[in-house]
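Coordinates from protein-v1.cif are shown below (mmCIF, C-alpha atoms).
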```
data_coords
loop_
_atom_site.group_PDB
_atom_site.id
_atom_site.type_symbol
_atom_site.label_atom_id
_atom_site.label_comp_id
_atom_site.auth_asym_id
_atom_site.auth_seq_id
_atom_site.Cartn_x
_atom_site.Cartn_y
_atom_site.Cartn_z
ATOM 1 C CA MET A 1 -17.071 4.505 -18.785
ATOM 2 C CA SER A 2 -19.095 7.309 -17.191
ATOM 3 C CA LEU A 3 -20.095 5.961 -13.812
ATOM 4 C CA PRO A 4 -21.905 8.147 -11.287
ATOM 5 C CA LYS A 5 -19.585 9.710 -8.730
ATOM 6 C CA PRO A 6 -19.666 7.585 -5.568
ATOM 7 C CA LEU A 7 -20.624 8.936 -2.160
ATOM 8 C CA MET A 8 -17.570 10.623 -0.708
ATOM 9 C CA ARG A 9 -18.881 12.237 2.473
ATOM 10 C CA GLY A 10 -21.091 11.607 5.429
ATOM 11 C CA LEU A 11 -20.387 7.874 5.504
ATOM 12 C CA LEU A 12 -19.801 7.678 9.246
ATOM 13 C CA GLY A 13 -22.799 9.885 9.962
ATOM 14 C CA LYS A 14 -25.029 7.688 7.861
ATOM 15 C CA ARG A 15 -23.798 4.579 9.627
ATOM 16 C CA LEU A 16 -24.285 6.121 13.064
ATOM 17 C CA ARG A 17 -27.779 7.380 12.226
ATOM 18 C CA PHE A 18 -28.698 3.828 11.334
ATOM 19 C CA HIS A 19 -26.917 1.848 14.005
ATOM 20 C CA LEU A 20 -27.029 4.031 17.112
ATOM 21 C CA PRO A 21 -30.824 3.937 17.635
ATOM 22 C CA ILE A 22 -30.707 0.179 17.182
ATOM 23 C CA ALA A 23 -27.839 -0.097 19.647
ATOM 24 C CA PHE A 24 -29.599 2.033 22.264
ATOM 25 C CA GLY A 25 -32.851 0.162 21.749
ATOM 26 C CA LEU A 26 -31.280 -3.246 22.110
ATOM 27 C CA SER A 27 -29.344 -2.168 25.200
ATOM 28 C CA LEU A 28 -32.562 -0.891 26.756
ATOM 29 C CA VAL A 29 -34.323 -4.138 25.948
ATOM 30 C CA ALA A 30 -31.445 -6.111 27.464
ATOM 31 C CA ALA A 31 -31.541 -4.044 30.644
ATOM 32 C CA ILE A 32 -35.335 -4.394 31.003
ATOM 33 C CA ALA A 33 -35.157 -8.114 30.339
ATOM 34 C CA PHE A 34 -32.451 -8.523 32.981
ATOM 35 C CA LYS A 35 -34.424 -6.488 35.531
ATOM 36 C CA TYR A 36 -37.652 -8.460 35.158
ATOM 37 C CA GLY A 37 -36.044 -11.793 34.368
ATOM 38 C CA VAL A 38 -33.359 -11.862 37.042
ATOM 39 C CA THR A 39 -33.392 -9.151 39.669
ATOM 40 C CA GLU A 40 -37.136 -9.044 40.460
ATOM 41 C CA PRO A 41 -37.445 -12.836 40.899
ATOM 42 C CA ARG A 42 -34.314 -12.753 43.025
ATOM 43 C CA LYS A 43 -35.676 -10.014 45.264
ATOM 44 C CA LYS A 44 -38.926 -11.941 45.619
ATOM 45 C CA ALA A 45 -37.063 -15.161 46.453
ATOM 46 C CA TYR A 46 -35.137 -13.423 49.233
ATOM 47 C CA ALA A 47 -38.264 -11.745 50.594
ATOM 48 C CA ASP A 48 -40.188 -15.026 50.640
ATOM 49 C CA PHE A 49 -37.316 -16.840 52.323
ATOM 50 C CA TYR A 50 -37.012 -14.365 55.169
ATOM 51 C CA LYS A 51 -40.785 -14.152 55.714
ATOM 52 C CA GLN A 52 -40.788 -17.688 57.108
ATOM 53 C CA TYR A 53 -37.264 -17.673 58.547
ATOM 54 C CA ASP A 54 -36.750 -18.721 62.130
ATOM 55 C CA ALA A 55 -33.130 -17.890 62.965
ATOM 56 C CA VAL A 56 -33.071 -19.737 66.288
ATOM 57 C CA LYS A 57 -34.456 -22.935 64.778
ATOM 58 C CA GLU A 58 -31.865 -22.832 62.005
ATOM 59 C CA PHE A 59 -29.094 -22.154 64.513
ATOM 60 C CA ASN A 60 -30.080 -25.160 66.633
ATOM 61 C CA ALA A 61 -30.259 -27.383 63.578
ATOM 62 C CA MET A 62 -26.772 -26.293 62.551
ATOM 63 C CA LYS A 63 -25.495 -26.729 66.097
ATOM 64 C CA GLU A 64 -26.765 -30.302 66.250
ATOM 65 C CA ALA A 65 -25.106 -31.027 62.902
ATOM 66 C CA GLY A 66 -21.791 -30.050 64.532
ATOM 67 C CA VAL A 67 -20.578 -27.349 62.163
ATOM 68 C CA PHE A 68 -19.713 -24.779 64.851
ATOM 69 C CA GLU A 69 -16.446 -24.457 66.782
ATOM 70 C CA SER A 70 -17.725 -22.308 69.626
ATOM 71 C CA VAL A 71 -20.831 -24.382 70.399
ATOM 72 C CA GLN A 72 -20.887 -28.185 70.586
ATOM 73 C CA PRO A 73 -23.888 -30.394 69.752
ATOM 74 C CA SER A 74 -26.137 -30.963 72.811
ATOM 75 C CA GLY A 75 -25.005 -34.557 73.218
ATOM 76 C CA GLU A 76 -21.334 -33.756 74.088
ATOM 77 C CA MET B 1 41.332 -16.528 14.287
ATOM 78 C CA GLN B 2 38.911 -16.227 11.433
ATOM 79 C CA LEU B 3 35.516 -15.212 12.723
ATOM 80 C CA TYR B 4 33.665 -14.823 9.458
ATOM 81 C CA PRO B 5 33.772 -17.080 6.421
ATOM 82 C CA GLN B 6 35.705 -15.425 3.686
ATOM 83 C CA SER B 7 32.742 -15.175 1.383
ATOM 84 C CA ILE B 8 31.038 -12.706 3.654
ATOM 85 C CA ARG B 9 34.054 -10.727 4.762
ATOM 86 C CA THR B 10 33.595 -8.129 2.044
ATOM 87 C CA GLY B 11 30.304 -6.779 0.841
ATOM 88 C CA PRO B 12 29.685 -5.283 -2.566
ATOM 89 C CA GLN B 13 32.353 -3.023 -4.012
ATOM 90 C CA PHE B 14 31.428 0.524 -4.903
ATOM 91 C CA SER B 15 33.421 3.503 -6.047
ATOM 92 C CA SER B 16 34.221 6.090 -3.442
ATOM 93 C CA PRO B 17 36.378 9.190 -3.833
ATOM 94 C CA PHE B 18 37.336 9.203 -0.169
ATOM 95 C CA LEU B 19 39.510 6.148 0.124
ATOM 96 C CA PRO B 20 42.735 5.593 -1.721
ATOM 97 C CA GLY B 21 42.333 3.290 -4.631
ATOM 98 C CA GLY B 22 38.981 4.804 -5.508
ATOM 99 C CA THR B 23 36.901 1.836 -4.339
ATOM 100 C CA ALA B 24 35.424 0.976 -0.991
ATOM 101 C CA THR B 25 34.135 -2.372 0.201
ATOM 102 C CA VAL B 26 31.706 -2.945 2.986
ATOM 103 C CA LEU B 27 33.769 -4.423 5.800
ATOM 104 C CA GLY B 28 32.312 -7.010 8.067
ATOM 105 C CA PRO B 29 29.362 -9.229 7.302
ATOM 106 C CA VAL B 30 26.515 -8.164 5.095
ATOM 107 C CA PRO B 31 24.033 -10.802 6.236
ATOM 108 C CA VAL B 32 21.088 -10.895 3.962
ATOM 109 C CA ASP B 33 19.162 -14.148 4.052
ATOM 110 C CA GLY B 34 18.806 -17.321 6.034
ATOM 111 C CA LYS B 35 21.640 -19.113 4.253
ATOM 112 C CA GLN B 36 24.012 -16.214 4.905
ATOM 113 C CA MET B 37 23.028 -16.052 8.563
ATOM 114 C CA LEU B 38 23.612 -19.786 8.888
ATOM 115 C CA GLN B 39 27.072 -19.316 7.352
ATOM 116 C CA LEU B 40 27.783 -16.511 9.824
ATOM 117 C CA ILE B 41 26.703 -18.493 12.838
ATOM 118 C CA ALA B 42 28.460 -21.572 11.568
ATOM 119 C CA GLY B 43 31.598 -19.510 11.046
ATOM 120 C CA ARG B 44 31.538 -18.236 14.617
ATOM 121 C CA VAL B 45 30.710 -21.607 16.074
ATOM 122 C CA SER B 46 33.435 -23.374 14.149
ATOM 123 C CA SER B 47 36.083 -21.191 15.740
ATOM 124 C CA LEU B 48 34.964 -22.253 19.212
ATOM 125 C CA VAL B 49 33.965 -25.873 18.718
ATOM 126 C CA ALA B 50 35.759 -28.664 16.910
ATOM 127 C CA ARG B 51 35.379 -28.306 13.186
ATOM 128 C CA ARG B 52 34.133 -31.892 12.829
ATOM 129 C CA ALA B 53 31.087 -31.265 14.992
ATOM 130 C CA THR B 54 29.957 -28.207 13.111
ATOM 131 C CA LEU B 55 30.688 -29.518 9.648
ATOM 132 C CA ALA B 56 27.325 -31.214 9.738
ATOM 133 C CA LEU B 57 25.636 -27.931 10.545
ATOM 134 C CA THR B 58 27.120 -25.883 7.758
ATOM 135 C CA THR B 59 25.673 -25.870 4.298
ATOM 136 C CA SER B 60 27.770 -27.175 1.477
ATOM 137 C CA SER B 61 28.419 -23.737 0.063
ATOM 138 C CA ALA B 62 29.750 -22.574 3.442
ATOM 139 C CA ARG B 63 32.185 -25.461 3.395
ATOM 140 C CA MET B 64 33.239 -24.513 -0.111
ATOM 141 C CA ALA B 65 33.512 -20.867 0.827
ATOM 142 C CA SER B 66 35.795 -21.498 3.770
ATOM 143 C CA HIS B 67 38.224 -23.280 1.449
ATOM 144 C CA ALA B 68 37.980 -21.013 -1.605
ATOM 145 C CA PRO B 69 37.728 -17.299 -0.718
ATOM 146 C CA ASP B 70 35.126 -15.615 -2.870
ATOM 147 C CA PRO B 71 35.031 -11.795 -2.791
ATOM 148 C CA GLU B 72 31.628 -11.349 -4.473
ATOM 149 C CA VAL B 73 28.461 -13.025 -3.200
ATOM 150 C CA THR B 74 26.526 -14.254 -6.191
ATOM 151 C CA GLU B 75 22.928 -14.473 -5.089
ATOM 152 C CA ALA B 76 22.699 -11.898 -2.295
ATOM 153 C CA VAL B 77 19.582 -9.769 -2.052
ATOM 154 C CA ASP B 78 20.419 -6.212 -1.070
ATOM 155 C CA MET B 79 17.743 -5.424 1.506
ATOM 156 C CA SER B 80 18.969 -1.867 1.904
ATOM 157 C CA ARG B 81 17.449 -0.993 -1.476
ATOM 158 C CA PRO B 82 13.716 -0.885 -2.267
ATOM 159 C CA MET B 83 12.277 -4.317 -2.927
ATOM 160 C CA TYR B 84 9.360 -5.669 -4.889
ATOM 161 C CA TRP B 85 6.534 -7.386 -2.971
ATOM 162 C CA ASP B 86 3.275 -8.967 -4.134
ATOM 163 C CA ARG B 87 1.068 -7.926 -1.196
ATOM 164 C CA LEU B 88 -2.658 -7.347 -0.891
ATOM 165 C CA ASP B 89 -2.216 -4.187 1.128
ATOM 166 C CA THR B 90 0.538 -2.732 -1.071
ATOM 167 C CA PRO B 91 -0.890 -2.105 -4.539
ATOM 168 C CA LEU B 92 2.205 -0.150 -5.620
ATOM 169 C CA PRO B 93 5.385 -1.816 -4.339
ATOM 170 C CA ASP B 94 8.567 0.147 -3.769
ATOM 171 C CA LYS B 95 9.948 -0.648 -7.167
ATOM 172 C CA LEU B 96 8.948 -2.137 -10.498
ATOM 173 C CA TYR B 97 9.194 -5.840 -11.002
ATOM 174 C CA LYS B 98 11.629 -5.975 -13.913
ATOM 175 C CA ASP B 99 14.875 -4.054 -13.497
ATOM 176 C CA GLU B 100 16.824 -4.918 -16.611
ATOM 177 C CA LEU B 101 14.770 -4.310 -19.730
ATOM 178 C CA SER B 102 15.642 -5.716 -23.088
ATOM 179 C CA ALA B 103 15.796 -3.413 -26.106
ATOM 180 C CA ALA B 104 12.244 -4.309 -27.159
ATOM 181 C CA GLU B 105 10.979 -3.653 -23.644
ATOM 182 C CA LYS B 106 12.838 -0.336 -23.519
ATOM 183 C CA SER B 107 11.199 0.771 -26.757
ATOM 184 C CA LEU B 108 7.827 -0.220 -25.312
ATOM 185 C CA LYS B 109 8.530 1.922 -22.267
ATOM 186 C CA GLU B 110 9.306 4.828 -24.622
ATOM 187 C CA LYS B 111 5.976 4.252 -26.380
ATOM 188 C CA GLU B 112 4.282 4.315 -22.983
ATOM 189 C CA LYS B 113 5.333 7.936 -22.627
ATOM 190 C CA GLY B 114 3.025 8.872 -25.489
ATOM 191 C CA PRO B 115 -0.772 8.751 -25.573
ATOM 192 C CA TRP B 116 -1.982 5.440 -24.227
ATOM 193 C CA SER B 117 -4.801 5.082 -26.713
ATOM 194 C CA GLN B 118 -2.107 4.168 -29.239
ATOM 195 C CA LEU B 119 -1.074 1.097 -27.244
ATOM 196 C CA THR B 120 -2.589 -2.214 -28.235
ATOM 197 C CA ASN B 121 -4.113 -4.432 -25.581
ATOM 198 C CA GLU B 122 -1.190 -6.856 -25.771
ATOM 199 C CA GLU B 123 1.250 -3.985 -25.255
ATOM 200 C CA LYS B 124 -0.731 -2.802 -22.224
ATOM 201 C CA ILE B 125 -0.603 -6.277 -20.741
ATOM 202 C CA ALA B 126 3.128 -6.501 -21.520
ATOM 203 C CA LEU B 127 3.721 -3.165 -19.734
ATOM 204 C CA TYR B 128 1.722 -4.415 -16.737
ATOM 205 C CA ARG B 129 3.819 -7.553 -16.573
ATOM 206 C CA LEU B 130 6.983 -5.454 -16.654
ATOM 207 C CA SER B 131 5.856 -3.566 -13.561
ATOM 208 C CA PHE B 132 4.149 -6.352 -11.654
ATOM 209 C CA HIS B 133 4.797 -10.024 -11.052
ATOM 210 C CA GLN B 134 1.309 -11.280 -10.152
ATOM 211 C CA THR B 135 -2.120 -9.788 -10.613
ATOM 212 C CA TYR B 136 -4.404 -9.525 -7.622
ATOM 213 C CA ALA B 137 -6.405 -12.425 -8.961
ATOM 214 C CA GLU B 138 -3.277 -14.566 -9.134
ATOM 215 C CA MET B 139 -2.181 -13.422 -5.671
ATOM 216 C CA ASN B 140 -5.542 -14.296 -4.163
ATOM 217 C CA GLN B 141 -5.728 -17.782 -5.551
ATOM 218 C CA PRO B 142 -6.504 -20.258 -2.811
ATOM 219 C CA LYS B 143 -3.614 -22.384 -1.659
ATOM 220 C CA SER B 144 -3.599 -25.632 0.239
ATOM 221 C CA GLU B 145 -1.333 -24.284 2.945
ATOM 222 C CA TRP B 146 -4.100 -24.356 5.547
ATOM 223 C CA LYS B 147 -4.251 -28.122 5.323
ATOM 224 C CA THR B 148 -0.601 -28.341 6.321
ATOM 225 C CA VAL B 149 -1.175 -25.903 9.169
ATOM 226 C CA VAL B 150 -4.218 -27.718 10.542
ATOM 227 C CA GLY B 151 -2.511 -31.069 10.108
ATOM 228 C CA GLY B 152 0.509 -29.793 11.956
ATOM 229 C CA ILE B 153 -1.678 -28.477 14.762
ATOM 230 C CA PHE B 154 -3.393 -31.837 15.193
ATOM 231 C CA PHE B 155 -0.084 -33.662 15.040
ATOM 232 C CA PHE B 156 1.495 -31.571 17.780
ATOM 233 C CA VAL B 157 -1.631 -31.658 19.919
ATOM 234 C CA GLY B 158 -1.522 -35.432 19.651
ATOM 235 C CA PHE B 159 2.138 -35.460 20.573
ATOM 236 C CA THR B 160 1.341 -33.288 23.584
ATOM 237 C CA ALA B 161 -1.269 -35.827 24.608
ATOM 238 C CA LEU B 162 1.415 -38.504 24.682
ATOM 239 C CA VAL B 163 3.643 -36.255 26.762
ATOM 240 C CA VAL B 164 0.818 -35.606 29.232
ATOM 241 C CA TRP B 165 0.076 -39.322 29.456
ATOM 242 C CA TRP B 166 3.732 -40.023 30.304
ATOM 243 C CA GLN B 167 3.549 -37.284 32.920
ATOM 244 C CA ARG B 168 0.454 -38.809 34.470
ATOM 245 C CA VAL B 169 2.281 -42.118 34.846
ATOM 246 C CA TYR B 170 5.724 -40.914 35.955
ATOM 247 C CA VAL B 171 5.388 -37.393 37.319
ATOM 248 C CA TYR B 172 2.031 -36.834 39.027
ATOM 249 C CA PRO B 173 1.926 -37.183 42.824
ATOM 250 C CA PRO B 174 -0.604 -39.552 44.451
ATOM 251 C CA ARG B 175 -4.265 -38.585 44.151
ATOM 252 C CA PRO B 176 -5.470 -36.309 46.996
ATOM 253 C CA ARG B 177 -7.917 -38.011 49.377
ATOM 254 C CA THR B 178 -10.431 -35.240 48.800
ATOM 255 C CA PHE B 179 -11.251 -36.839 45.458
ATOM 256 C CA ASP B 180 -12.650 -40.028 46.991
ATOM 257 C CA ASP B 181 -16.412 -40.536 46.691
ATOM 258 C CA GLU B 182 -16.755 -41.025 50.424
ATOM 259 C CA TRP B 183 -14.950 -37.798 51.195
ATOM 260 C CA GLN B 184 -17.026 -35.926 48.599
ATOM 261 C CA ALA B 185 -20.259 -37.253 50.121
ATOM 262 C CA LYS B 186 -19.146 -36.095 53.590
ATOM 263 C CA GLN B 187 -18.214 -32.735 52.050
ATOM 264 C CA LEU B 188 -21.689 -32.305 50.537
ATOM 265 C CA GLN B 189 -23.368 -33.273 53.809
ATOM 266 C CA ARG B 190 -21.295 -30.669 55.647
ATOM 267 C CA MET B 191 -22.311 -28.030 53.081
ATOM 268 C CA LEU B 192 -25.975 -28.865 53.720
ATOM 269 C CA ASP B 193 -25.412 -28.707 57.473
ATOM 270 C CA MET B 194 -23.848 -25.243 57.108
ATOM 271 C CA ARG B 195 -26.862 -24.124 55.027
ATOM 272 C CA ILE B 196 -24.688 -23.017 52.096
ATOM 273 C CA ASN B 197 -26.737 -20.693 49.819
ATOM 274 C CA PRO B 198 -30.114 -21.527 51.344
ATOM 275 C CA ILE B 199 -32.160 -19.026 49.325
ATOM 276 C CA GLU B 200 -31.371 -19.656 45.662
ATOM 277 C CA GLY B 201 -28.362 -21.969 45.621
ATOM 278 C CA PHE B 202 -27.180 -25.281 46.976
ATOM 279 C CA SER B 203 -29.152 -25.754 50.195
ATOM 280 C CA SER B 204 -32.324 -24.362 48.669
ATOM 281 C CA LYS B 205 -32.531 -27.533 46.576
ATOM 282 C CA TRP B 206 -32.516 -29.829 49.647
ATOM 283 C CA ASP B 207 -35.700 -30.653 51.533
ATOM 284 C CA TYR B 208 -34.635 -30.534 55.199
ATOM 285 C CA GLU B 209 -37.879 -32.079 56.511
ATOM 286 C CA LYS B 210 -37.820 -35.096 54.284
ATOM 287 C CA GLY B 211 -34.033 -35.424 54.073
ATOM 288 C CA GLN B 212 -33.860 -35.628 50.289
ATOM 289 C CA TRP B 213 -33.363 -33.473 47.230
ATOM 290 C CA LYS B 214 -36.401 -31.449 46.196
#
```

Please lay out the structure from this file as structure tokens.
Amino acid sequence: MSLPKPLMRGLLGKRLRFHLPIAFGLSLVAAIAFKYGVTEPRKKAYADFYKQYDAVKEFNAMKEAGVFESVQPSGE
Amino acid sequence: MQLYPQSIRTGPQFSSPFLPGGTATVLGPVPVDGKQMLQLIAGRVSSLVARRATLALTTSSARMASHAPDPEVTEAVDMSRPMYWDRLDTPLPDKLYKDELSAAEKSLKEKEKGPWSQLTNEEKIALYRLSFHQTYAEMNQPKSEWKTVVGGIFFFVGFTALVVWWQRVYVYPPRPRTFDDEWQAKQLQRMLDMRINPIEGFSSKWDYEKGQWK
């Protein structure tokens, strides 16, 4: 019936010392993964799109399709 | 007009030096449990609605009580005093389990005041059972209540499905024309014409030269 006295103090500190570095590390990994998995490809996709973009050609194509109110297709 | 059934008109009697006669009774209802509340409500309702209609609602003891006035309520639980609960989060309830101790139990309680090493194991268990109704192990025993709950959930979800089906047949307005396949096809073509999301989204998946999906 003589058990060792259990730990009474420093429980939160011990938990934080263990979990906080892991939390910060995982958050950092998540941020880096998002940057190089999502934002960089997206920026590249936009850059590539606008490199070959001819605004006038697109406008005429849309005009012929009849989606504008201010400009009618060339036939009418 | 009698608002309360007679059995609840007076609460418990207790001695009081203030009032003449030396005793005081709690006037008005002392509602304590579901049955009492039902009697109260039934009492009020019966004064407003025909007695016949409410007779079905009252419990049999309420019917008896309204005929034979009964000053003391026999099985009332006085919730103004501390109560005993078997609860996981309350290891020491507000009072001990057994209130009235027999002579043997009283002598055991006297023995408890001495050194506990002189108590036998059976006496220790007997003292525990005087103070507590169930052990934690007994409290935590698994019950089958969850099956009833889950079954009830499924039953009522199924009933709701029937209600929704009836609604679909009798309540819903006619289907909007925007749901037709032809309309949807025209809608998609218009989205392509407008170049919706041409970089990463909808129109980026359409090959405008060949006129087909990429």

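Nearest-residue note for chain B: choosing from A:Leu28, A:Val67, A:Leu16, A:Ile22, the minimum distance belongs to A:Val67, counting all atoms listed in the file.
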
Legend entry - Among the residues A:Leu3, A:Val38, A:Ala45, A:Ala31, the one that comes closest to chain B [using all atoms listed in the file]: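 With all atoms listed in the file as the atom set, the closest residue is A:Ala45.
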
Inset, instruction - Considering only C-alpha atoms, extract the chain B residues located within 9 Å of chain A and return them as a list in words. - result: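 Residues passing the distance filter: Arg190, Asp193, Met194, Arg195, Pro198, Ile199 and Glu200 of chain B.
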
Inset, instruction - In Å, rounded to a single decimal, give me how far atom CA of A:Lys51 is from atom CA of B:Met191. - result: 23.3 Å

Inset, instruction - For atom CA of A:Tyr36 and atom CA of A:Ala23, determine how far apart the two atoms are, in Å to one decimal place. - result: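 Here the two named atoms are 20.2 Å from each other.
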
Inset, instruction - Please provide the set of residues having any atom within 8 Å of B:Leu130, restricted to only C-alpha atoms, with same-chain residues fewer than 2 positions apart removed, written as a VMD selection string. - result: chain B and resid 96 to 98 126 to 128 132 to 133

Inset, instruction - Go ahead and compute the interatomic distance for atom CA of B:Leu108 and atom CA of B:Glu123, in Å to one decimal. - result: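 Taking atom CA of B:Leu108 and atom CA of B:Glu123, their separation equals 7.6 Å.
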
Could I see stretch 49-70 of chain A restored to N, CA, C and O atoms, set down as a PDB file, in the coordinates of the input?
```pdb
ATOM      1  N   PHE A  49     -38.117 -16.018  51.420  1.00  0.00           N
ATOM      2  CA  PHE A  49     -37.316 -16.840  52.323  1.00  0.00           C
ATOM      3  C   PHE A  49     -37.347 -16.264  53.726  1.00  0.00           C
ATOM      4  O   PHE A  49     -37.558 -16.990  54.716  1.00  0.00           O
ATOM      5  N   TYR A  50     -37.133 -14.942  53.837  1.00  0.00           N
ATOM      6  CA  TYR A  50     -37.012 -14.365  55.169  1.00  0.00           C
ATOM      7  C   TYR A  50     -38.352 -14.143  55.845  1.00  0.00           C
ATOM      8  O   TYR A  50     -38.410 -13.904  57.042  1.00  0.00           O
ATOM      9  N   LYS A  51     -39.472 -14.253  55.060  1.00  0.00           N
ATOM     10  CA  LYS A  51     -40.785 -14.152  55.714  1.00  0.00           C
ATOM     11  C   LYS A  51     -40.996 -15.290  56.681  1.00  0.00           C
ATOM     12  O   LYS A  51     -41.545 -15.124  57.762  1.00  0.00           O
ATOM     13  N   GLN A  52     -40.545 -16.496  56.284  1.00  0.00           N
ATOM     14  CA  GLN A  52     -40.788 -17.688  57.108  1.00  0.00           C
ATOM     15  C   GLN A  52     -39.518 -18.128  57.813  1.00  0.00           C
ATOM     16  O   GLN A  52     -39.370 -19.306  58.129  1.00  0.00           O
ATOM     17  N   TYR A  53     -38.569 -17.257  58.046  1.00  0.00           N
ATOM     18  CA  TYR A  53     -37.264 -17.673  58.547  1.00  0.00           C
ATOM     19  C   TYR A  53     -37.238 -17.595  60.060  1.00  0.00           C
ATOM     20  O   TYR A  53     -37.513 -16.553  60.651  1.00  0.00           O
ATOM     21  N   ASP A  54     -36.921 -18.704  60.682  1.00  0.00           N
ATOM     22  CA  ASP A  54     -36.750 -18.721  62.130  1.00  0.00           C
ATOM     23  C   ASP A  54     -35.274 -18.914  62.401  1.00  0.00           C
ATOM     24  O   ASP A  54     -34.746 -20.021  62.258  1.00  0.00           O
ATOM     25  N   ALA A  55     -34.584 -17.834  62.834  1.00  0.00           N
ATOM     26  CA  ALA A  55     -33.130 -17.890  62.965  1.00  0.00           C
ATOM     27  C   ALA A  55     -32.717 -18.862  64.058  1.00  0.00           C
ATOM     28  O   ALA A  55     -31.735 -19.608  63.913  1.00  0.00           O
ATOM     29  N   VAL A  56     -33.480 -18.887  65.162  1.00  0.00           N
ATOM     30  CA  VAL A  56     -33.071 -19.737  66.288  1.00  0.00           C
ATOM     31  C   VAL A  56     -33.173 -21.208  65.885  1.00  0.00           C
ATOM     32  O   VAL A  56     -32.301 -22.025  66.214  1.00  0.00           O
ATOM     33  N   LYS A  57     -34.282 -21.538  65.200  1.00  0.00           N
ATOM     34  CA  LYS A  57     -34.456 -22.935  64.778  1.00  0.00           C
ATOM     35  C   LYS A  57     -33.309 -23.361  63.877  1.00  0.00           C
ATOM     36  O   LYS A  57     -32.736 -24.458  64.037  1.00  0.00           O
ATOM     37  N   GLU A  58     -32.944 -22.483  62.920  1.00  0.00           N
ATOM     38  CA  GLU A  58     -31.865 -22.832  62.005  1.00  0.00           C
ATOM     39  C   GLU A  58     -30.555 -22.989  62.774  1.00  0.00           C
ATOM     40  O   GLU A  58     -29.766 -23.900  62.516  1.00  0.00           O
ATOM     41  N   PHE A  59     -30.343 -22.072  63.747  1.00  0.00           N
ATOM     42  CA  PHE A  59     -29.094 -22.154  64.513  1.00  0.00           C
ATOM     43  C   PHE A  59     -29.015 -23.494  65.254  1.00  0.00           C
ATOM     44  O   PHE A  59     -27.979 -24.152  65.270  1.00  0.00           O
ATOM     45  N   ASN A  60     -30.110 -23.895  65.888  1.00  0.00           N
ATOM     46  CA  ASN A  60     -30.080 -25.160  66.633  1.00  0.00           C
ATOM     47  C   ASN A  60     -29.847 -26.343  65.710  1.00  0.00           C
ATOM     48  O   ASN A  60     -29.103 -27.271  66.048  1.00  0.00           O
ATOM     49  N   ALA A  61     -30.469 -26.287  64.522  1.00  0.00           N
ATOM     50  CA  ALA A  61     -30.259 -27.383  63.578  1.00  0.00           C
ATOM     51  C   ALA A  61     -28.796 -27.456  63.183  1.00  0.00           C
ATOM     52  O   ALA A  61     -28.185 -28.549  63.134  1.00  0.00           O
ATOM     53  N   MET A  62     -28.185 -26.292  62.940  1.00  0.00           N
ATOM     54  CA  MET A  62     -26.772 -26.293  62.551  1.00  0.00           C
ATOM     55  C   MET A  62     -25.913 -26.756  63.713  1.00  0.00           C
ATOM     56  O   MET A  62     -24.915 -27.458  63.532  1.00  0.00           O
ATOM     57  N   LYS A  63     -26.294 -26.342  64.933  1.00  0.00           N
ATOM     58  CA  LYS A  63     -25.495 -26.729  66.097  1.00  0.00           C
ATOM     59  C   LYS A  63     -25.502 -28.240  66.256  1.00  0.00           C
ATOM     60  O   LYS A  63     -24.458 -28.856  66.495  1.00  0.00           O
ATOM     61  N   GLU A  64     -26.684 -28.859  66.119  1.00  0.00           N
ATOM     62  CA  GLU A  64     -26.765 -30.302  66.250  1.00  0.00           C
ATOM     63  C   GLU A  64     -25.962 -30.993  65.174  1.00  0.00           C
ATOM     64  O   GLU A  64     -25.425 -32.087  65.390  1.00  0.00           O
ATOM     65  N   ALA A  65     -25.872 -30.399  63.988  1.00  0.00           N
ATOM     66  CA  ALA A  65     -25.106 -31.027  62.902  1.00  0.00           C
ATOM     67  C   ALA A  65     -23.610 -30.959  63.179  1.00  0.00           C
ATOM     68  O   ALA A  65     -22.839 -31.701  62.566  1.00  0.00           O
ATOM     69  N   GLY A  66     -23.192 -30.056  64.138  1.00  0.00           N
ATOM     70  CA  GLY A  66     -21.791 -30.050  64.532  1.00  0.00           C
ATOM     71  C   GLY A  66     -20.882 -29.189  63.684  1.00  0.00           C
ATOM     72  O   GLY A  66     -19.682 -29.453  63.616  1.00  0.00           O
ATOM     73  N   VAL A  67     -21.429 -28.144  63.042  1.00  0.00           N
ATOM     74  CA  VAL A  67     -20.578 -27.349  62.163  1.00  0.00           C
ATOM     75  C   VAL A  67     -19.914 -26.193  62.900  1.00  0.00           C
ATOM     76  O   VAL A  67     -19.045 -25.533  62.332  1.00  0.00           O
ATOM     77  N   PHE A  68     -20.292 -25.925  64.153  1.00  0.00           N
ATOM     78  CA  PHE A  68     -19.713 -24.779  64.851  1.00  0.00           C
ATOM     79  C   PHE A  68     -18.508 -25.191  65.661  1.00  0.00           C
ATOM     80  O   PHE A  68     -18.386 -26.333  66.116  1.00  0.00           O
ATOM     81  N   GLU A  69     -17.592 -24.208  65.905  1.00  0.00           N
ATOM     82  CA  GLU A  69     -16.446 -24.457  66.782  1.00  0.00           C
ATOM     83  C   GLU A  69     -16.718 -23.963  68.186  1.00  0.00           C
ATOM     84  O   GLU A  69     -16.181 -24.492  69.148  1.00  0.00           O
ATOM     85  N   SER A  70     -17.540 -22.903  68.306  1.00  0.00           N
ATOM     86  CA  SER A  70     -17.725 -22.308  69.626  1.00  0.00           C
ATOM     87  C   SER A  70     -18.813 -23.027  70.416  1.00  0.00           C
ATOM     88  O   SER A  70     -18.831 -22.967  71.652  1.00  0.00           O
TER      89      SER A  70
END
```
